Structure formats: C-alpha cells, structure tokens
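Next comes upload21.cif, with mmCIF, C-alpha atoms, pLDDT in the B column; chains and numbers go by the auth columns.
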data_model
#
loop_
_atom_site.group_PDB
_atom_site.id
_atom_site.type_symbol
_atom_site.label_atom_id
_atom_site.label_comp_id
_atom_site.label_asym_id
_atom_site.label_seq_id
_atom_site.Cartn_x
_atom_site.Cartn_y
_atom_site.Cartn_z
_atom_site.B_iso_or_equiv
_atom_site.auth_seq_id
_atom_site.auth_asym_id
ATOM 1 C CA MET A 1 -5.768 31.854 -4.077 33.00 1 A
ATOM 2 C CA ARG A 2 -4.635 28.443 -5.318 35.00 2 A
ATOM 3 C CA ARG A 3 -7.370 25.820 -5.316 39.00 3 A
ATOM 4 C CA SER A 4 -6.742 23.052 -2.817 40.00 4 A
ATOM 5 C CA SER A 5 -6.141 19.604 -4.314 46.00 5 A
ATOM 6 C CA PHE A 6 -5.799 16.085 -2.919 48.00 6 A
ATOM 7 C CA VAL A 7 -2.044 16.738 -2.727 51.00 7 A
ATOM 8 C CA ASP A 8 -2.700 19.196 0.110 59.00 8 A
ATOM 9 C CA ARG A 9 -5.111 17.040 2.076 71.00 9 A
ATOM 10 C CA PRO A 10 -4.312 14.773 5.017 86.00 10 A
ATOM 11 C CA VAL A 11 -5.190 11.102 5.043 93.00 11 A
ATOM 12 C CA THR A 12 -8.698 10.234 6.212 92.00 12 A
ATOM 13 C CA TYR A 13 -7.823 8.045 9.209 94.00 13 A
ATOM 14 C CA ALA A 14 -5.878 8.483 12.444 92.00 14 A
ATOM 15 C CA ALA A 15 -3.898 5.245 12.792 93.00 15 A
ATOM 16 C CA VAL A 16 -1.129 6.167 10.334 93.00 16 A
ATOM 17 C CA GLY A 17 1.406 3.339 10.221 94.00 17 A
ATOM 18 C CA GLY A 18 -1.063 0.940 11.826 94.00 18 A
ATOM 19 C CA THR A 19 -0.390 -1.830 9.302 96.00 19 A
ATOM 20 C CA GLN A 20 3.033 -2.256 10.935 94.00 20 A
ATOM 21 C CA ALA A 21 1.548 -3.238 14.291 93.00 21 A
ATOM 22 C CA PRO A 22 2.385 -6.887 15.170 93.00 22 A
ATOM 23 C CA ASP A 23 -1.046 -7.338 16.738 93.00 23 A
ATOM 24 C CA LEU A 24 -3.025 -5.678 13.940 94.00 24 A
ATOM 25 C CA LEU A 25 -5.224 -8.715 13.334 94.00 25 A
ATOM 26 C CA THR A 26 -6.057 -9.089 17.027 93.00 26 A
ATOM 27 C CA TYR A 27 -6.343 -5.453 18.071 92.00 27 A
ATOM 28 C CA PRO A 28 -7.126 -3.259 15.057 93.00 28 A
ATOM 29 C CA PRO A 29 -8.132 0.395 15.490 93.00 29 A
ATOM 30 C CA ARG A 30 -11.722 0.590 16.694 92.00 30 A
ATOM 31 C CA GLY A 31 -14.200 0.337 13.852 93.00 31 A
ATOM 32 C CA TYR A 32 -11.649 -0.885 11.312 96.00 32 A
ATOM 33 C CA ARG A 33 -11.474 -4.304 9.709 96.00 33 A
ATOM 34 C CA PRO A 34 -7.956 -5.801 9.572 96.00 34 A
ATOM 35 C CA ALA A 35 -6.713 -8.237 6.940 96.00 35 A
ATOM 36 C CA GLU A 36 -3.507 -10.027 6.019 97.00 36 A
ATOM 37 C CA ARG A 37 -2.717 -12.277 3.078 97.00 37 A
ATOM 38 C CA GLU A 38 0.495 -13.481 1.469 97.00 38 A
ATOM 39 C CA ALA A 39 1.767 -15.327 -1.584 97.00 39 A
ATOM 40 C CA ARG A 40 5.073 -16.997 -2.375 97.00 40 A
ATOM 41 C CA LEU A 41 6.838 -15.411 -5.338 97.00 41 A
ATOM 42 C CA GLY A 42 9.744 -17.826 -5.690 96.00 42 A
ATOM 43 C CA SER A 43 13.136 -18.079 -4.046 96.00 43 A
ATOM 44 C CA GLY A 44 16.575 -16.551 -4.038 97.00 44 A
ATOM 45 C CA PRO A 45 18.124 -13.074 -3.870 96.00 45 A
ATOM 46 C CA GLU A 46 17.625 -12.417 -7.590 96.00 46 A
ATOM 47 C CA ARG A 47 13.886 -13.104 -7.368 97.00 47 A
ATOM 48 C CA PHE A 48 13.777 -10.832 -4.319 97.00 48 A
ATOM 49 C CA GLN A 49 15.512 -8.004 -6.175 96.00 49 A
ATOM 50 C CA VAL A 50 13.271 -8.297 -9.232 96.00 50 A
ATOM 51 C CA ALA A 51 10.085 -8.438 -7.158 97.00 51 A
ATOM 52 C CA SER A 52 11.207 -5.527 -4.978 97.00 52 A
ATOM 53 C CA ALA A 53 11.942 -3.328 -7.987 96.00 53 A
ATOM 54 C CA ALA A 54 8.536 -4.121 -9.468 96.00 54 A
ATOM 55 C CA LEU A 55 6.790 -3.480 -6.166 97.00 55 A
ATOM 56 C CA MET A 56 8.385 -0.075 -5.690 96.00 56 A
ATOM 57 C CA THR A 57 7.355 1.090 -9.169 96.00 57 A
ATOM 58 C CA TRP A 58 3.661 0.299 -8.626 96.00 58 A
ATOM 59 C CA GLY A 59 4.022 -3.201 -10.092 96.00 59 A
ATOM 60 C CA VAL A 60 1.337 -4.694 -7.843 97.00 60 A
ATOM 61 C CA GLN A 61 -1.216 -2.092 -8.887 96.00 61 A
ATOM 62 C CA ARG A 62 -0.323 -2.002 -12.590 95.00 62 A
ATOM 63 C CA GLY A 63 -0.185 -5.793 -12.730 94.00 63 A
ATOM 64 C CA SER A 64 -3.729 -5.855 -11.336 94.00 64 A
ATOM 65 C CA GLY A 65 -5.181 -3.733 -14.128 94.00 65 A
ATOM 66 C CA ILE A 66 -5.090 -0.459 -12.188 95.00 66 A
ATOM 67 C CA GLN A 67 -3.827 2.739 -13.791 95.00 67 A
ATOM 68 C CA VAL A 68 -1.603 4.862 -11.546 95.00 68 A
ATOM 69 C CA THR A 69 -2.088 8.511 -12.475 93.00 69 A
ATOM 70 C CA ASP A 70 -1.515 12.033 -11.138 88.00 70 A
ATOM 71 C CA GLN A 71 1.625 11.040 -9.268 90.00 71 A
ATOM 72 C CA HIS A 72 3.230 13.759 -7.164 87.00 72 A
ATOM 73 C CA VAL A 73 6.564 12.977 -5.557 79.00 73 A
ATOM 74 C CA GLY A 74 6.645 13.665 -1.825 68.00 74 A
ATOM 75 C CA THR A 75 9.463 15.202 0.165 58.00 75 A
ATOM 76 C CA GLY A 76 10.118 11.976 2.021 54.00 76 A
ATOM 77 C CA VAL A 77 9.206 13.460 5.380 51.00 77 A
ATOM 78 C CA GLN A 78 5.405 13.918 5.459 44.00 78 A
ATOM 79 C CA TYR A 79 4.708 10.573 7.081 49.00 79 A
ATOM 80 C CA LEU A 80 7.581 8.516 8.364 48.00 80 A
ATOM 81 C CA GLY A 81 5.599 5.700 9.918 49.00 81 A
ATOM 82 C CA ILE A 82 6.061 4.127 13.325 53.00 82 A
ATOM 83 C CA ASN A 83 8.259 1.318 14.551 54.00 83 A
ATOM 84 C CA TYR A 84 6.559 -0.997 17.044 53.00 84 A
ATOM 85 C CA ASN A 85 7.953 -2.923 19.995 58.00 85 A
ATOM 86 C CA GLN A 86 7.272 -6.663 20.292 58.00 86 A
ATOM 87 C CA ASP A 87 4.406 -5.966 22.691 59.00 87 A
ATOM 88 C CA GLY A 88 2.707 -3.785 20.061 53.00 88 A
ATOM 89 C CA SER A 89 3.482 -0.446 21.687 56.00 89 A
ATOM 90 C CA PRO A 90 4.869 2.322 19.433 53.00 90 A
ATOM 91 C CA ALA A 91 8.633 2.735 19.666 55.00 91 A
ATOM 92 C CA ALA A 92 9.790 5.559 17.395 52.00 92 A
ATOM 93 C CA LEU A 93 9.499 7.048 13.938 46.00 93 A
ATOM 94 C CA GLN A 94 11.358 5.009 11.358 47.00 94 A
ATOM 95 C CA GLU A 95 14.131 6.437 9.248 47.00 95 A
ATOM 96 C CA HIS A 96 13.235 7.288 5.659 44.00 96 A
ATOM 97 C CA ARG A 97 15.255 6.737 2.519 44.00 97 A
ATOM 98 C CA ASP A 98 17.436 9.584 1.275 46.00 98 A
ATOM 99 C CA ALA A 99 15.816 12.163 -0.969 46.00 99 A
ATOM 100 C CA GLU A 100 17.798 10.947 -3.997 55.00 100 A
ATOM 101 C CA ASP A 101 15.513 10.082 -6.903 62.00 101 A
ATOM 102 C CA VAL A 102 15.487 6.413 -7.928 69.00 102 A
ATOM 103 C CA PHE A 103 13.987 5.087 -11.154 61.00 103 A
ATOM 104 C CA GLY A 104 13.083 1.658 -12.508 61.00 104 A
ATOM 105 C CA GLU A 105 14.434 0.276 -15.776 63.00 105 A
ATOM 106 C CA ASP A 106 11.492 1.757 -17.702 64.00 106 A
ATOM 107 C CA GLY A 107 12.001 5.191 -16.161 61.00 107 A
ATOM 108 C CA THR A 108 9.191 4.898 -13.612 73.00 108 A
ATOM 109 C CA PRO A 109 10.151 6.748 -10.419 78.00 109 A
ATOM 110 C CA TYR A 110 10.362 4.678 -7.269 90.00 110 A
ATOM 111 C CA ILE A 111 7.672 5.227 -4.683 94.00 111 A
ATOM 112 C CA THR A 112 8.725 7.730 -2.015 93.00 112 A
ATOM 113 C CA ASN A 113 7.385 8.852 1.346 91.00 113 A
ATOM 114 C CA GLY A 114 4.579 11.348 0.951 92.00 114 A
ATOM 115 C CA MET A 115 3.980 10.532 -2.716 93.00 115 A
ATOM 116 C CA THR A 116 0.362 10.968 -3.800 94.00 116 A
ATOM 117 C CA ALA A 117 -1.378 9.272 -6.692 95.00 117 A
ATOM 118 C CA VAL A 118 -4.817 8.550 -8.093 95.00 118 A
ATOM 119 C CA LEU A 119 -5.533 4.880 -8.716 96.00 119 A
ATOM 120 C CA ARG A 120 -8.051 4.268 -11.492 95.00 120 A
ATOM 121 C CA VAL A 121 -9.691 0.985 -10.544 92.00 121 A
ATOM 122 C CA PRO A 122 -11.872 -0.830 -13.117 88.00 122 A
ATOM 123 C CA TYR A 123 -15.183 -2.218 -11.897 82.00 123 A
ATOM 124 C CA GLY A 124 -17.273 -3.754 -14.658 79.00 124 A
ATOM 125 C CA PRO A 125 -17.919 -1.077 -17.294 84.00 125 A
ATOM 126 C CA MET A 126 -16.960 1.701 -14.861 82.00 126 A
ATOM 127 C CA THR A 127 -13.690 3.050 -13.506 88.00 127 A
ATOM 128 C CA PHE A 128 -13.340 4.528 -10.028 87.00 128 A
ATOM 129 C CA SER A 129 -10.657 7.092 -9.216 91.00 129 A
ATOM 130 C CA VAL A 130 -9.296 6.669 -5.692 93.00 130 A
ATOM 131 C CA PRO A 131 -6.631 9.019 -4.265 95.00 131 A
ATOM 132 C CA VAL A 132 -3.927 7.711 -1.927 96.00 132 A
ATOM 133 C CA ARG A 133 -0.823 8.975 -0.141 95.00 133 A
ATOM 134 C CA VAL A 134 2.258 6.891 0.689 95.00 134 A
ATOM 135 C CA VAL A 135 2.642 6.996 4.463 95.00 135 A
ATOM 136 C CA TYR A 136 5.773 4.903 5.065 95.00 136 A
ATOM 137 C CA LEU A 137 8.484 2.902 3.341 96.00 137 A
ATOM 138 C CA LEU A 138 10.422 -0.204 4.309 95.00 138 A
ATOM 139 C CA ASP A 139 13.945 -0.370 2.910 94.00 139 A
ATOM 140 C CA GLU A 140 15.790 -3.181 4.669 95.00 140 A
ATOM 141 C CA PRO A 141 18.281 -5.774 3.343 94.00 141 A
ATOM 142 C CA ASN A 142 15.616 -8.515 3.219 96.00 142 A
ATOM 143 C CA ARG A 143 12.350 -6.514 3.394 97.00 143 A
ATOM 144 C CA VAL A 144 11.172 -3.851 0.961 97.00 144 A
ATOM 145 C CA GLY A 145 7.777 -2.240 0.798 97.00 145 A
ATOM 146 C CA PHE A 146 5.431 0.644 1.376 97.00 146 A
ATOM 147 C CA ALA A 147 1.980 1.516 2.612 97.00 147 A
ATOM 148 C CA TYR A 148 -0.501 4.069 1.404 96.00 148 A
ATOM 149 C CA GLY A 149 -3.365 5.704 3.216 96.00 149 A
ATOM 150 C CA THR A 150 -6.683 6.888 1.856 96.00 150 A
ATOM 151 C CA LEU A 151 -7.444 10.497 0.941 95.00 151 A
ATOM 152 C CA LEU A 152 -10.774 12.289 0.676 93.00 152 A
ATOM 153 C CA GLY A 153 -12.776 10.757 -2.175 91.00 153 A
ATOM 154 C CA HIS A 154 -11.681 7.160 -1.549 94.00 154 A
ATOM 155 C CA PRO A 155 -14.584 4.730 -0.899 93.00 155 A
ATOM 156 C CA LEU A 156 -12.661 3.327 2.062 94.00 156 A
ATOM 157 C CA SER A 157 -10.894 4.891 5.005 95.00 157 A
ATOM 158 C CA GLY A 158 -7.681 3.218 6.100 96.00 158 A
ATOM 159 C CA GLU A 159 -4.289 1.911 5.082 97.00 159 A
ATOM 160 C CA GLU A 160 -2.821 -0.873 2.983 97.00 160 A
ATOM 161 C CA SER A 161 0.757 -2.159 2.983 97.00 161 A
ATOM 162 C CA PHE A 162 2.705 -4.176 0.419 98.00 162 A
ATOM 163 C CA VAL A 163 5.929 -5.907 1.493 98.00 163 A
ATOM 164 C CA VAL A 164 8.303 -8.227 -0.372 98.00 164 A
ATOM 165 C CA GLU A 165 10.481 -10.317 1.950 98.00 165 A
ATOM 166 C CA LEU A 166 13.406 -12.711 1.496 98.00 166 A
ATOM 167 C CA ARG A 167 13.032 -15.165 4.371 97.00 167 A
ATOM 168 C CA GLU A 168 15.640 -17.297 6.129 96.00 168 A
ATOM 169 C CA ASP A 169 14.739 -20.367 4.059 96.00 169 A
ATOM 170 C CA ASN A 170 15.558 -18.355 0.886 97.00 170 A
ATOM 171 C CA SER A 171 11.884 -18.103 -0.133 97.00 171 A
ATOM 172 C CA VAL A 172 10.445 -14.801 -1.368 98.00 172 A
ATOM 173 C CA TRP A 173 6.997 -13.667 -0.242 98.00 173 A
ATOM 174 C CA LEU A 174 4.600 -10.821 -0.885 98.00 174 A
ATOM 175 C CA THR A 175 2.558 -9.855 2.182 98.00 175 A
ATOM 176 C CA LEU A 176 -0.451 -7.543 2.099 98.00 176 A
ATOM 177 C CA ARG A 177 -1.875 -6.026 5.281 97.00 177 A
ATOM 178 C CA SER A 178 -4.742 -3.589 5.601 96.00 178 A
ATOM 179 C CA LEU A 179 -7.091 -1.845 7.973 96.00 179 A
ATOM 180 C CA SER A 180 -10.214 -0.336 6.481 96.00 180 A
ATOM 181 C CA ARG A 181 -13.815 0.731 6.841 95.00 181 A
ATOM 182 C CA PRO A 182 -16.277 2.488 4.496 95.00 182 A
ATOM 183 C CA SER A 183 -15.418 6.179 4.347 93.00 183 A
ATOM 184 C CA THR A 184 -18.920 7.690 4.324 93.00 184 A
ATOM 185 C CA VAL A 185 -22.498 6.790 5.200 94.00 185 A
ATOM 186 C CA PRO A 186 -23.486 6.098 1.558 93.00 186 A
ATOM 187 C CA TYR A 187 -20.553 3.715 1.200 92.00 187 A
ATOM 188 C CA ARG A 188 -21.528 1.978 4.449 93.00 188 A
ATOM 189 C CA LEU A 189 -24.833 1.108 2.815 94.00 189 A
ATOM 190 C CA VAL A 190 -22.976 -0.914 0.188 92.00 190 A
ATOM 191 C CA THR A 191 -20.389 -2.455 2.510 92.00 191 A
ATOM 192 C CA PRO A 192 -20.846 -6.007 1.117 93.00 192 A
ATOM 193 C CA LEU A 193 -20.061 -4.778 -2.408 91.00 193 A
ATOM 194 C CA LEU A 194 -17.019 -2.856 -1.177 90.00 194 A
ATOM 195 C CA ARG A 195 -15.709 -5.932 0.639 94.00 195 A
ATOM 196 C CA LEU A 196 -16.318 -8.117 -2.415 92.00 196 A
ATOM 197 C CA GLN A 197 -14.349 -5.755 -4.645 91.00 197 A
ATOM 198 C CA GLN A 198 -11.637 -5.418 -2.016 92.00 198 A
ATOM 199 C CA GLY A 199 -11.252 -9.199 -1.901 93.00 199 A
ATOM 200 C CA ARG A 200 -11.047 -9.446 -5.677 92.00 200 A
ATOM 201 C CA LEU A 201 -8.371 -6.743 -5.811 94.00 201 A
ATOM 202 C CA THR A 202 -6.362 -8.460 -3.094 95.00 202 A
ATOM 203 C CA THR A 203 -6.360 -11.694 -5.102 95.00 203 A
ATOM 204 C CA ARG A 204 -5.108 -9.784 -8.156 95.00 204 A
ATOM 205 C CA TYR A 205 -2.462 -8.053 -6.053 96.00 205 A
ATOM 206 C CA LEU A 206 -1.085 -11.372 -4.826 96.00 206 A
ATOM 207 C CA ARG A 207 -0.709 -12.621 -8.400 95.00 207 A
ATOM 208 C CA ALA A 208 0.727 -9.430 -9.884 95.00 208 A
ATOM 209 C CA LEU A 209 4.393 -10.103 -8.991 95.00 209 A
ATOM 210 C CA LEU A 210 4.485 -13.813 -9.788 92.00 210 A
ATOM 211 C CA PRO A 211 7.444 -14.708 -12.066 81.00 211 A
ATOM 212 C CA ALA A 212 5.177 -15.482 -15.033 66.00 212 A
ATOM 213 C CA ARG A 213 3.916 -11.881 -14.889 56.00 213 A
ATOM 214 C CA ASN A 214 7.412 -10.385 -14.943 51.00 214 A
ATOM 215 C CA VAL A 215 9.129 -12.099 -17.870 42.00 215 A
#
Whole structure, structure tokens version:
Amino acid sequence: MRRSSFVDRPVTYAAVGGTQAPDLLTYPPRGYRPAEREARLGSGPERFQVASAALMTWGVQRGSGIQVTDQHVGTGVQYLGINYNQDGSPAALQEHRDAEDVFGEDGTPYITNGMTAVLRVPYGPMTFSVPVRVVYLLDEPNRVGFAYGTLLGHPLSGEESFVVELREDNSVWLTLRSLSRPSTVPYRLVTPLLRLQQGRLTTRYLRALLPARNV
C-alpha cells in the first residue's frame, strides 16, 4: 500500500474560497480571524503583466525569503473556488484555466488549481515547513491571482489569497486577504507569536513584487 502524503490530504478548514467573500472582514467564518492589506506596485499594463507573471510563479513567497519546495502540479479541478454575489451569498463555482502548462521566463511552472507545495519559512535560526494547496485561481483581464489553503502540519488553519489588479486609474495593486486561526491546541498556546510572525510575513509579501525587487 502506498503511504499517504500531504498531496492526498484535504485542506484543514471548511470555508474553501472564503477569501473571495466581499464581506470577509465583517463576517468571517466563525472562529477565524480575517485580514486584508494592499500595496501599490506602480502603474500601467506593462507593470501589471510583470507583476502578474511574478505572482503566478511564487514571486511573493520567493521574494520574501521563503523556499517553495515539493511542488506537485494539480489537475486544475480539485478546488475551483466560489463566486459570490454582491450580498455575499455564494453564486457558483468559477471557471478554471485550461490544463495547458504555462511557464515563466526562468522555467518555473505557473501556479495551477490543486497544486500542492511545501513552503520553508525562516524564523530566526530555524526553518518551518508548512504544506499548502492552491484552492482557486483568478485569471481575468485586469485581475490575476490565487489562494492557497492549509494542509495538515501547518501551524495555522485557513486560507490566504494574493491578487494583482490593474485598476481604472491605471494603478497596479497587490492585495492580500486571509482567514486563519491556530491549527491545534499547542499552537493556540502561542497565538501571539503566530500572529507576530504572520504580520511580519505579510509585510514582506507586500514588498516582494515592488519594481525595485524585479529588475
């Protein structure tokens, strides 16, 4: 019998696609802490294209000092995410990108639905390995992004999304949204430390795609 791995496991929370909810900050899933932050990356379609390509090849994570390892490409259909109506009610499953493989200029495969990976996050002299699964993609003319959910072994339970957007005023923004809580009782005992590290990572994420980091 083949040993089960994180590739076979479901995510460790129920509200899959919850970071798409318009009212996430007001009405998060019970017990979960919501968050949203954004940073301006520049302006113009070219800046949008460059930032989008970096985002979809793990540029936010790599630019924050995180190693992305043990990547397994998904089928594109495990988790399609949910579209939400303006009142916050779920509408329908979103369409996913075609199964055609896409690669960045350095050969890094683009993130796909269902992809799993282990993020090796530095913390002082230590490195923590946290497994995640991509639960939905956004692939629109002016909005590109993805979200991943936590797998067993992650200190947190929840979801985090990363979206690059070209807005009507021609400005380009990176928006991060998340819903999270400590995954186990031992981690709940160190909740302040988890939140501190989470805040530090978010700050690094927001800086990772700035033009000066992508020259």
Minimum-distance residue to A:Gly158, chosen among A:Pro109, A:Gly63, A:Gly17, A:Pro192 (using only C-alpha atoms): A:Gly17
Result set, the PyMOL selection byres ((chain A and resi 156) around 7) on current file, as a ChimeraX atom specification: /A:150,154-155,157-158,180-183
Take the residues that were just selected and, keeping C-alpha atoms, output them as a short mmCIF file (atom, residue, chain, number, x, y, z; two decimals), in the coordinates of the input.
data_model
loop_
_atom_site.label_atom_id
_atom_site.label_comp_id
_atom_site.auth_asym_id
_atom_site.auth_seq_id
_atom_site.Cartn_x
_atom_site.Cartn_y
_atom_site.Cartn_z
CA THR A 150 -6.68 6.89 1.86
CA HIS A 154 -11.68 7.16 -1.55
CA PRO A 155 -14.58 4.73 -0.90
CA SER A 157 -10.89 4.89 5.00
CA GLY A 158 -7.68 3.22 6.10
CA SER A 180 -10.21 -0.34 6.48
CA ARG A 181 -13.82 0.73 6.84
CA PRO A 182 -16.28 2.49 4.50
CA SER A 183 -15.42 6.18 4.35
#
Could you give me the centre and size, in Å to one decimal, of an axis-aligned box around all listed atoms of stretch 31-42 of chain A with 4 Å added on every side, as lines of an AutoDock Vina configuration file?
center_x = -2.2
center_y = -8.7
center_z = 4.1
size_x = 31.9
size_y = 26.2
size_z = 27.5
Quick one: contact table of stretch 104-139 of chain A to stretch 50-60 of chain A, 8 Å max, nearest atom pair and distance in Å to one decimal per residue, counting all atoms listed in the file, chain and number order, as CSV?
residue,atom,partner,partner_atom,distance
A:Gly104,CA,A:Thr57,CA,6.7
A:Thr108,CA,A:Thr57,CA,6.1
A:Pro109,CA,A:Thr57,CA,6.4
A:Tyr110,CA,A:Thr57,CA,5.1
A:Ile111,CA,A:Met56,CA,5.4
Residues matched by the PyMOL selection byres ((chain A and resi 49) around 12) as a list in words: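 This file gives the following for the PyMOL selection byres ((chain A and resi 49) around 12): Leu41, Gly42, Ser43, Gly44, Pro45, Glu46, Arg47, Phe48, Val50, Ala51, Ser52, Ala53, Ala54, Leu55, Met56, Gly104, Asp139, Glu140, Pro141, Asn142, Arg143, Val144, Gly145, Val164, Glu165, Leu166, Val172, Trp173 and Leu209 of chain A.
Neighbours of A:Gly199 closer than or equal to 12 Å, with all atoms listed in the file counted and sequence neighbours fewer than 5 positions away skipped, come out as Ala35, Glu36, Arg37, Leu176, Ser178, Pro192, Leu193, Leu194, Arg204, Tyr205 and Leu206 of chain A.
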Save the residues we just selected, C-alpha atoms, as a compact mmCIF listing (two decimals), in the coordinates of the input?
# COMPACT_ATOMS: atom_id res chain seq x y z
CA ALA A 35 -6.71 -8.24 6.94
CA GLU A 36 -3.51 -10.03 6.02
CA ARG A 37 -2.72 -12.28 3.08
CA LEU A 176 -0.45 -7.54 2.10
CA SER A 178 -4.74 -3.59 5.60
CA PRO A 192 -20.85 -6.01 1.12
CA LEU A 193 -20.06 -4.78 -2.41
CA LEU A 194 -17.02 -2.86 -1.18
CA ARG A 204 -5.11 -9.78 -8.16
CA TYR A 205 -2.46 -8.05 -6.05
CA LEU A 206 -1.08 -11.37 -4.83
Close residues, stretch 122-128 of chain A itself excluded, 12 Å, all atoms listed in the file, min 3 positions apart in chain, as an NGL selection string: :A and (61-62 or 64-68 or 118-119 or 131 or 153-155 or 193-194 or 196-198 or 200-201)
Separation of atom CA of A:Ala147 from atom CA of A:Gln20 in Å: 9.2 Å
